[in-house]
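J.: Contents of work36.pdb (PDB, C-alpha atoms, pLDDT in the B column) are below:
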```
ATOM      1  CA  ARG R   1       3.519  18.269 -28.577  1.00 89.00           C
ATOM      2  CA  HIS R   2       6.508  17.134 -30.608  1.00 93.00           C
ATOM      3  CA  VAL R   3       8.971  18.654 -28.133  1.00 94.00           C
ATOM      4  CA  LEU R   4       7.209  17.010 -25.185  1.00 93.00           C
ATOM      5  CA  PHE R   5       7.249  13.645 -26.967  1.00 94.00           C
ATOM      6  CA  GLN R   6      10.976  13.955 -27.683  1.00 96.00           C
ATOM      7  CA  ALA R   7      11.715  15.021 -24.100  1.00 94.00           C
ATOM      8  CA  ALA R   8       9.777  12.021 -22.780  1.00 95.00           C
ATOM      9  CA  LEU R   9      11.564   9.701 -25.186  1.00 95.00           C
ATOM     10  CA  VAL R  10      14.987  10.875 -23.982  1.00 95.00           C
ATOM     11  CA  ALA R  11      13.943  10.959 -20.314  1.00 92.00           C
ATOM     12  CA  SER R  12      12.635   7.392 -20.480  1.00 93.00           C
ATOM     13  CA  GLN R  13      16.097   6.259 -21.570  1.00 93.00           C
ATOM     14  CA  HIS R  14      18.436   8.501 -19.542  1.00 93.00           C
ATOM     15  CA  ASN R  15      16.697   9.874 -16.421  1.00 91.00           C
ATOM     16  CA  PRO R  16      17.093   7.255 -13.646  1.00 90.00           C
ATOM     17  CA  ILE R  17      13.677   7.874 -12.076  1.00 90.00           C
ATOM     18  CA  LEU R  18      11.724   7.979 -15.327  1.00 93.00           C
ATOM     19  CA  LYS R  19      13.747   5.104 -16.784  1.00 95.00           C
ATOM     20  CA  ASN R  20      12.703   2.941 -13.850  1.00 95.00           C
ATOM     21  CA  PHE R  21       9.068   3.953 -14.449  1.00 95.00           C
ATOM     22  CA  ALA R  22       9.331   3.172 -18.168  1.00 96.00           C
ATOM     23  CA  ASP R  23      11.009  -0.174 -17.472  1.00 97.00           C
ATOM     24  CA  ARG R  24       8.164  -1.174 -15.152  1.00 97.00           C
ATOM     25  CA  LEU R  25       5.635  -0.350 -17.879  1.00 97.00           C
ATOM     26  CA  ARG R  26       7.733  -2.229 -20.457  1.00 97.00           C
ATOM     27  CA  ASP R  27       7.877  -5.268 -18.182  1.00 97.00           C
ATOM     28  CA  ALA R  28       4.091  -5.100 -17.844  1.00 97.00           C
ATOM     29  CA  GLY R  29       3.842  -5.484 -21.633  1.00 97.00           C
ATOM     30  CA  LYS R  30       2.719  -1.966 -22.530  1.00 97.00           C
ATOM     31  CA  PRO R  31       3.265  -0.751 -26.112  1.00 97.00           C
ATOM     32  CA  HIS R  32       6.116   1.698 -26.802  1.00 95.00           C
ATOM     33  CA  LYS R  33       3.896   4.688 -27.548  1.00 95.00           C
ATOM     34  CA  VAL R  34       1.865   4.153 -24.374  1.00 96.00           C
ATOM     35  CA  ILE R  35       5.089   4.114 -22.356  1.00 96.00           C
ATOM     36  CA  VAL R  36       6.379   7.341 -23.913  1.00 95.00           C
ATOM     37  CA  ILE R  37       3.047   9.129 -23.374  1.00 95.00           C
ATOM     38  CA  ALA R  38       2.925   7.942 -19.738  1.00 97.00           C
ATOM     39  CA  VAL R  39       6.457   9.277 -19.211  1.00 96.00           C
ATOM     40  CA  ALA R  40       5.446  12.573 -20.879  1.00 96.00           C
ATOM     41  CA  ARG R  41       2.476  12.894 -18.545  1.00 96.00           C
ATOM     42  CA  LYS R  42       4.667  12.183 -15.513  1.00 95.00           C
ATOM     43  CA  LEU R  43       7.226  14.693 -16.804  1.00 93.00           C
ATOM     44  CA  VAL R  44       4.554  17.406 -17.080  1.00 94.00           C
ATOM     45  CA  THR R  45       3.351  16.608 -13.551  1.00 94.00           C
ATOM     46  CA  ILE R  46       6.891  16.863 -12.183  1.00 91.00           C
ATOM     47  CA  VAL R  47       7.541  20.161 -13.990  1.00 91.00           C
ATOM     48  CA  ASN R  48       4.265  21.646 -12.734  1.00 94.00           C
ATOM     49  CA  ALA R  49       5.098  20.632  -9.159  1.00 92.00           C
ATOM     50  CA  LEU R  50       8.592  22.127  -9.446  1.00 91.00           C
ATOM     51  CA  ILE R  51       7.244  25.408 -10.798  1.00 94.00           C
ATOM     52  CA  LYS R  52       4.559  25.578  -8.126  1.00 95.00           C
ATOM     53  CA  SER R  53       7.008  24.934  -5.290  1.00 92.00           C
ATOM     54  CA  GLY R  54       9.829  27.045  -6.743  1.00 91.00           C
ATOM     55  CA  GLN R  55      12.315  24.199  -6.374  1.00 87.00           C
ATOM     56  CA  LYS R  56      14.906  22.915  -8.821  1.00 85.00           C
ATOM     57  CA  TRP R  57      15.055  19.367 -10.161  1.00 80.00           C
ATOM     58  CA  SER R  58      17.001  16.922  -8.063  1.00 78.00           C
ATOM     59  CA  ALA R  59      17.520  13.265  -8.877  1.00 70.00           C
ATOM     60  CA  GLN R  60      17.398  12.568  -5.140  1.00 68.00           C
ATOM     61  CA  PRO R  61      13.848  12.933  -3.728  1.00 62.00           C
ATOM     62  CA  VAL R  62      13.660  15.222  -0.720  1.00 54.00           C
TER      63      VAL R  62
END
```
The structure given in the file should be rewritten as structure tokens.

T.:
Amino acid sequence: RHVLFQAALVASQHNPILKNFADRLRDAGKPHKVIVIAVARKLVTIVNALIKSGQKWSAQPV
């Protein structure tokens, strides 16, 4: 859980796609912890989809 939280924290600041998502939540007035957990959930969803499809991460959606 700690590793996932840290990964979401870094991704919400440095990954362009997840940063945009986090910025939208921040602009909507969500608390910091809610934003990080939402990014973590999205990160898990993305990882599961990548594993299922056998693809590698790409910043450009296909």

J.: Rank R:Val39, R:Val47, R:Ala59, R:Ala22 by their smallest atom-to-atom distance to Ala8 in chain R, using all atoms listed in the file, and report the top residue only.

T.: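 Distance minimum relative to Ala8 in chain R lands on R:Val39.
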
J.: When distances are computed from all atoms listed in the file, which of R:Gln6, R:Leu50, R:Lys56, R:Leu25 shows the smallest separation from Ala38 in chain R?

T.: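 Of the candidates, the smallest distance to Ala38 in chain R is held by R:Leu25.
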
J.: With all atoms listed in the file as the counted atoms, please give the residues lying no more than 12 Å from Leu9 in chain R, apart from itself and same-chain residues fewer than 4 positions off, as a list of chain:residue names.

T.: R:His2, R:Val3, R:Leu4, R:Phe5, R:Gln13, R:His14, R:Asn15, R:Leu18, R:Lys19, R:Ala22, R:His32, R:Lys33, R:Val34, R:Ile35, R:Val36, R:Ile37, R:Ala38, R:Val39, R:Ala40, R:Arg41, R:Leu43

J.: For CA of Arg24 in chain R and CA of Arg1 in chain R, determine how far apart the two atoms are, in Å to one decimal place.

T.: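 Computing it gives 24.1 Å between the two atoms.
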
J.: Using CA of Ala49 in chain R and CA of Pro16 in chain R as the two end points, give the distance in Å to one decimal.

T.: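 So the two atoms, CA of Ala49 in chain R and CA of Pro16 in chain R, lie 18.5 Å apart.
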
J.: Missing atoms in range 31-42 of chain R need filling: write out all heavy atoms for it as a PDB file, in the frame of the given file.

T.:
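Writing the result to selection_19.pdb gives the following:
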```pdb
ATOM      1  N   PRO R  31       2.657  -1.151 -24.834  1.00 97.00           N
ATOM      2  CA  PRO R  31       3.265  -0.751 -26.112  1.00 97.00           C
ATOM      3  C   PRO R  31       4.172   0.471 -25.940  1.00 97.00           C
ATOM      4  O   PRO R  31       4.005   1.270 -25.011  1.00 97.00           O
ATOM      5  CB  PRO R  31       2.066  -0.399 -26.994  1.00 97.00           C
ATOM      6  CG  PRO R  31       0.874  -0.973 -26.318  1.00 97.00           C
ATOM      7  CD  PRO R  31       1.209  -1.090 -24.868  1.00 97.00           C
ATOM      8  N   HIS R  32       5.118   0.628 -26.872  1.00 95.00           N
ATOM      9  CA  HIS R  32       6.116   1.698 -26.802  1.00 95.00           C
ATOM     10  C   HIS R  32       5.480   3.086 -26.704  1.00 95.00           C
ATOM     11  O   HIS R  32       5.874   3.902 -25.865  1.00 95.00           O
ATOM     12  CB  HIS R  32       7.025   1.626 -28.028  1.00 95.00           C
ATOM     13  CG  HIS R  32       8.013   2.738 -28.111  1.00 95.00           C
ATOM     14  ND1 HIS R  32       9.085   2.827 -27.258  1.00 95.00           N
ATOM     15  CD2 HIS R  32       8.076   3.817 -28.927  1.00 95.00           C
ATOM     16  CE1 HIS R  32       9.773   3.928 -27.554  1.00 95.00           C
ATOM     17  NE2 HIS R  32       9.184   4.527 -28.560  1.00 95.00           N
ATOM     18  N   LYS R  33       4.504   3.352 -27.537  1.00 95.00           N
ATOM     19  CA  LYS R  33       3.896   4.688 -27.548  1.00 95.00           C
ATOM     20  C   LYS R  33       3.163   4.980 -26.239  1.00 95.00           C
ATOM     21  O   LYS R  33       3.190   6.110 -25.740  1.00 95.00           O
ATOM     22  CB  LYS R  33       2.945   4.838 -28.728  1.00 95.00           C
ATOM     23  CG  LYS R  33       2.572   6.286 -28.989  1.00 95.00           C
ATOM     24  CD  LYS R  33       1.767   6.434 -30.247  1.00 95.00           C
ATOM     25  CE  LYS R  33       2.705   6.625 -31.396  1.00 95.00           C
ATOM     26  NZ  LYS R  33       2.023   6.988 -32.640  1.00 95.00           N
ATOM     27  N   VAL R  34       2.543   3.979 -25.660  1.00 96.00           N
ATOM     28  CA  VAL R  34       1.865   4.153 -24.374  1.00 96.00           C
ATOM     29  C   VAL R  34       2.882   4.501 -23.291  1.00 96.00           C
ATOM     30  O   VAL R  34       2.635   5.361 -22.444  1.00 96.00           O
ATOM     31  CB  VAL R  34       1.068   2.875 -24.004  1.00 96.00           C
ATOM     32  CG1 VAL R  34       0.565   2.928 -22.579  1.00 96.00           C
ATOM     33  CG2 VAL R  34      -0.070   2.663 -24.976  1.00 96.00           C
ATOM     34  N   ILE R  35       4.032   3.846 -23.334  1.00 96.00           N
ATOM     35  CA  ILE R  35       5.089   4.114 -22.356  1.00 96.00           C
ATOM     36  C   ILE R  35       5.592   5.547 -22.476  1.00 96.00           C
ATOM     37  O   ILE R  35       5.722   6.262 -21.481  1.00 96.00           O
ATOM     38  CB  ILE R  35       6.252   3.118 -22.533  1.00 96.00           C
ATOM     39  CG1 ILE R  35       5.791   1.707 -22.202  1.00 96.00           C
ATOM     40  CG2 ILE R  35       7.439   3.510 -21.668  1.00 96.00           C
ATOM     41  CD1 ILE R  35       6.767   0.626 -22.597  1.00 96.00           C
ATOM     42  N   VAL R  36       5.854   5.985 -23.703  1.00 95.00           N
ATOM     43  CA  VAL R  36       6.379   7.341 -23.913  1.00 95.00           C
ATOM     44  C   VAL R  36       5.359   8.385 -23.466  1.00 95.00           C
ATOM     45  O   VAL R  36       5.714   9.380 -22.822  1.00 95.00           O
ATOM     46  CB  VAL R  36       6.799   7.551 -25.379  1.00 95.00           C
ATOM     47  CG1 VAL R  36       7.210   8.987 -25.622  1.00 95.00           C
ATOM     48  CG2 VAL R  36       7.928   6.609 -25.744  1.00 95.00           C
ATOM     49  N   ILE R  37       4.079   8.174 -23.770  1.00 95.00           N
ATOM     50  CA  ILE R  37       3.047   9.129 -23.374  1.00 95.00           C
ATOM     51  C   ILE R  37       2.887   9.146 -21.849  1.00 95.00           C
ATOM     52  O   ILE R  37       2.691  10.212 -21.251  1.00 95.00           O
ATOM     53  CB  ILE R  37       1.713   8.816 -24.078  1.00 95.00           C
ATOM     54  CG1 ILE R  37       1.869   8.992 -25.589  1.00 95.00           C
ATOM     55  CG2 ILE R  37       0.598   9.691 -23.547  1.00 95.00           C
ATOM     56  CD1 ILE R  37       2.350  10.368 -26.033  1.00 95.00           C
ATOM     57  N   ALA R  38       2.997   7.987 -21.204  1.00 97.00           N
ATOM     58  CA  ALA R  38       2.925   7.942 -19.738  1.00 97.00           C
ATOM     59  C   ALA R  38       4.097   8.692 -19.113  1.00 97.00           C
ATOM     60  O   ALA R  38       3.924   9.422 -18.126  1.00 97.00           O
ATOM     61  CB  ALA R  38       2.901   6.493 -19.264  1.00 97.00           C
ATOM     62  N   VAL R  39       5.279   8.541 -19.705  1.00 96.00           N
ATOM     63  CA  VAL R  39       6.457   9.277 -19.211  1.00 96.00           C
ATOM     64  C   VAL R  39       6.260  10.775 -19.443  1.00 96.00           C
ATOM     65  O   VAL R  39       6.597  11.591 -18.578  1.00 96.00           O
ATOM     66  CB  VAL R  39       7.749   8.761 -19.873  1.00 96.00           C
ATOM     67  CG1 VAL R  39       8.930   9.665 -19.541  1.00 96.00           C
ATOM     68  CG2 VAL R  39       8.037   7.341 -19.439  1.00 96.00           C
ATOM     69  N   ALA R  40       5.697  11.150 -20.593  1.00 96.00           N
ATOM     70  CA  ALA R  40       5.446  12.573 -20.879  1.00 96.00           C
ATOM     71  C   ALA R  40       4.479  13.161 -19.856  1.00 96.00           C
ATOM     72  O   ALA R  40       4.687  14.271 -19.357  1.00 96.00           O
ATOM     73  CB  ALA R  40       4.889  12.735 -22.289  1.00 96.00           C
ATOM     74  N   ARG R  41       3.447  12.413 -19.533  1.00 96.00           N
ATOM     75  CA  ARG R  41       2.476  12.894 -18.545  1.00 96.00           C
ATOM     76  C   ARG R  41       3.134  13.062 -17.179  1.00 96.00           C
ATOM     77  O   ARG R  41       2.925  14.053 -16.490  1.00 96.00           O
ATOM     78  CB  ARG R  41       1.317  11.916 -18.468  1.00 96.00           C
ATOM     79  CG  ARG R  41       0.237  12.302 -17.505  1.00 96.00           C
ATOM     80  CD  ARG R  41      -0.893  11.283 -17.557  1.00 96.00           C
ATOM     81  NE  ARG R  41      -1.806  11.450 -16.472  1.00 96.00           N
ATOM     82  CZ  ARG R  41      -2.863  12.243 -16.482  1.00 96.00           C
ATOM     83  NH1 ARG R  41      -3.129  12.955 -17.557  1.00 96.00           N
ATOM     84  NH2 ARG R  41      -3.655  12.329 -15.443  1.00 96.00           N
ATOM     85  N   LYS R  42       3.956  12.093 -16.792  1.00 95.00           N
ATOM     86  CA  LYS R  42       4.667  12.183 -15.513  1.00 95.00           C
ATOM     87  C   LYS R  42       5.652  13.353 -15.525  1.00 95.00           C
ATOM     88  O   LYS R  42       5.805  14.058 -14.527  1.00 95.00           O
ATOM     89  CB  LYS R  42       5.390  10.873 -15.215  1.00 95.00           C
ATOM     90  CG  LYS R  42       5.994  10.809 -13.829  1.00 95.00           C
ATOM     91  CD  LYS R  42       6.524   9.448 -13.499  1.00 95.00           C
ATOM     92  CE  LYS R  42       5.524   8.527 -12.933  1.00 95.00           C
ATOM     93  NZ  LYS R  42       5.113   8.798 -11.561  1.00 95.00           N
TER      94      LYS R  42
END
```
